[in-house]
Amino acid sequence: MSGTTLDYHRDSPSLRVVDAIATTTDTDPLELEPLYNVVDPEALDRLFRADADVTASVRFEYDGHTVEVRSDDTVVVDGVVHDGA
């Protein structure tokens, strides 16, 4: 399984989720259902901000896929860790 860490100075966790789903489904991110219909993107970004001292993960369904955002800075879609490169 390949992996990467989130770059909090460049991308927010919510934007990384959208990018990972777009990559998984080979869909333009602008054509996806808005993330806010599934989870509160601002809450997701606050929970996993760089200075947060928390060990957590959030799992939810988005566009028919299981998404997990982890406090170890990873975004996982259907068990596959996605990088933002």
# chains A, B, ... in the order shown; residues from 1 in each chain; ligands from 1

call {"tool": "residues_around", "arguments": {"residues": "Pro41 of chain A", "least_positions_apart": "3", "cutoff": "12 Å", "atoms": "only C-alpha atoms", "output": "PyMOL selection string"}}
result
chain A and resi 12-18+34-38+44-49+58+69

call {"tool": "select_by_dssp", "arguments": {"residues": "chain A", "states": "strand (DSSP E)", "output": "MDAnalysis selection string"}}
result
chainID A and resid 57:62 65:70 75:77 80:81

call {"tool": "write_last_selection", "arguments": {"atoms": "N, CA and C atoms", "output": "JSON list (two decimals), in the first residue's frame"}}
result
[["chain", "number", "residue", "atom", "x", "y", "z"],
["A", 57, "SER", "N", -9.57, 9.21, 13.99],
["A", 57, "SER", "CA", -9.86, 8.99, 12.57],
["A", 57, "SER", "C", -11.35, 9.20, 12.37],
["A", 58, "VAL", "N", -11.69, 9.64, 11.18],
["A", 58, "VAL", "CA", -13.08, 9.85, 10.82],
["A", 58, "VAL", "C", -13.33, 9.04, 9.56],
["A", 59, "ARG", "N", -14.37, 8.23, 9.60],
["A", 59, "ARG", "CA", -14.72, 7.39, 8.45],
["A", 59, "ARG", "C", -16.14, 7.72, 8.02],
["A", 60, "PHE", "N", -16.32, 7.85, 6.70],
["A", 60, "PHE", "CA", -17.64, 8.15, 6.17],
["A", 60, "PHE", "C", -17.72, 7.66, 4.73],
["A", 61, "GLU", "N", -18.93, 7.60, 4.22],
["A", 61, "GLU", "CA", -19.17, 7.21, 2.83],
["A", 61, "GLU", "C", -19.30, 8.47, 1.98],
["A", 62, "TYR", "N", -18.62, 8.46, 0.83],
["A", 62, "TYR", "CA", -18.68, 9.59, -0.09],
["A", 62, "TYR", "C", -18.63, 9.05, -1.51],
["A", 65, "HIS", "N", -17.96, 5.36, -1.82],
["A", 65, "HIS", "CA", -16.67, 4.87, -1.37],
["A", 65, "HIS", "C", -16.49, 5.15, 0.11],
["A", 66, "THR", "N", -15.75, 4.28, 0.79],
["A", 66, "THR", "CA", -15.43, 4.49, 2.19],
["A", 66, "THR", "C", -14.19, 5.34, 2.28],
["A", 67, "VAL", "N", -14.31, 6.47, 2.96],
["A", 67, "VAL", "CA", -13.22, 7.42, 3.13],
["A", 67, "VAL", "C", -12.85, 7.45, 4.61],
["A", 68, "GLU", "N", -11.56, 7.47, 4.86],
["A", 68, "GLU", "CA", -11.08, 7.63, 6.23],
["A", 68, "GLU", "C", -10.00, 8.69, 6.24],
["A", 69, "VAL", "N", -10.14, 9.65, 7.15],
["A", 69, "VAL", "CA", -9.12, 10.66, 7.38],
["A", 69, "VAL", "C", -8.55, 10.35, 8.76],
["A", 70, "ARG", "N", -7.23, 10.26, 8.82],
["A", 70, "ARG", "CA", -6.56, 9.86, 10.07],
["A", 70, "ARG", "C", -5.68, 10.97, 10.60],
["A", 75, "VAL", "N", -5.13, 10.15, 4.12],
["A", 75, "VAL", "CA", -6.48, 10.07, 3.59],
["A", 75, "VAL", "C", -6.55, 8.73, 2.84],
["A", 76, "VAL", "N", -7.53, 7.91, 3.21],
["A", 76, "VAL", "CA", -7.65, 6.56, 2.67],
["A", 76, "VAL", "C", -9.01, 6.43, 2.01],
["A", 77, "VAL", "N", -9.03, 5.89, 0.80],
["A", 77, "VAL", "CA", -10.29, 5.63, 0.11],
["A", 77, "VAL", "C", -10.32, 4.14, -0.21],
["A", 80, "VAL", "N", -7.13, 2.25, 0.32],
["A", 80, "VAL", "CA", -5.93, 2.69, -0.41],
["A", 80, "VAL", "C", -5.57, 4.11, 0.02],
["A", 81, "VAL", "N", -4.32, 4.28, 0.47],
["A", 81, "VAL", "CA", -3.85, 5.60, 0.86],
["A", 81, "VAL", "C", -3.53, 6.40, -0.39]]

call {"tool": "select_by_dssp", "arguments": {"residues": "chain A", "states": "alpha helix (DSSP H)", "output": "list in words"}}
result
Pro13, Ser14, Leu15, Arg16, Val17, Val18, Asp19, Ala20, Ile21, Ala22, Thr23, Thr24, Thr25, Pro41, Glu42, Ala43, Leu44, Asp45, Arg46 and Leu47 of chain A

call {"tool": "write_last_selection", "arguments": {"atoms": "C-alpha atoms", "output": "tab-separated table (two decimals), in the first residue's frame"}}
result
chain	number	residue	atom	x	y	z
A	13	PRO	CA	-7.88	17.48	4.74
A	14	SER	CA	-11.26	18.23	3.15
A	15	LEU	CA	-9.63	19.21	-0.15
A	16	ARG	CA	-7.48	16.08	-0.02
A	17	VAL	CA	-10.64	13.97	0.39
A	18	VAL	CA	-12.20	15.52	-2.71
A	19	ASP	CA	-8.97	15.00	-4.64
A	20	ALA	CA	-8.70	11.36	-3.54
A	21	ILE	CA	-12.31	10.61	-4.57
A	22	ALA	CA	-11.80	12.40	-7.89
A	23	THR	CA	-8.71	10.27	-8.53
A	24	THR	CA	-10.46	7.06	-7.48
A	25	THR	CA	-13.47	7.71	-9.72
A	41	PRO	CA	-15.53	20.11	5.72
A	42	GLU	CA	-14.72	22.90	8.18
A	43	ALA	CA	-15.09	20.55	11.14
A	44	LEU	CA	-12.89	17.98	9.38
A	45	ASP	CA	-10.21	20.61	8.76
A	46	ARG	CA	-10.35	21.84	12.37
A	47	LEU	CA	-10.12	18.33	13.81
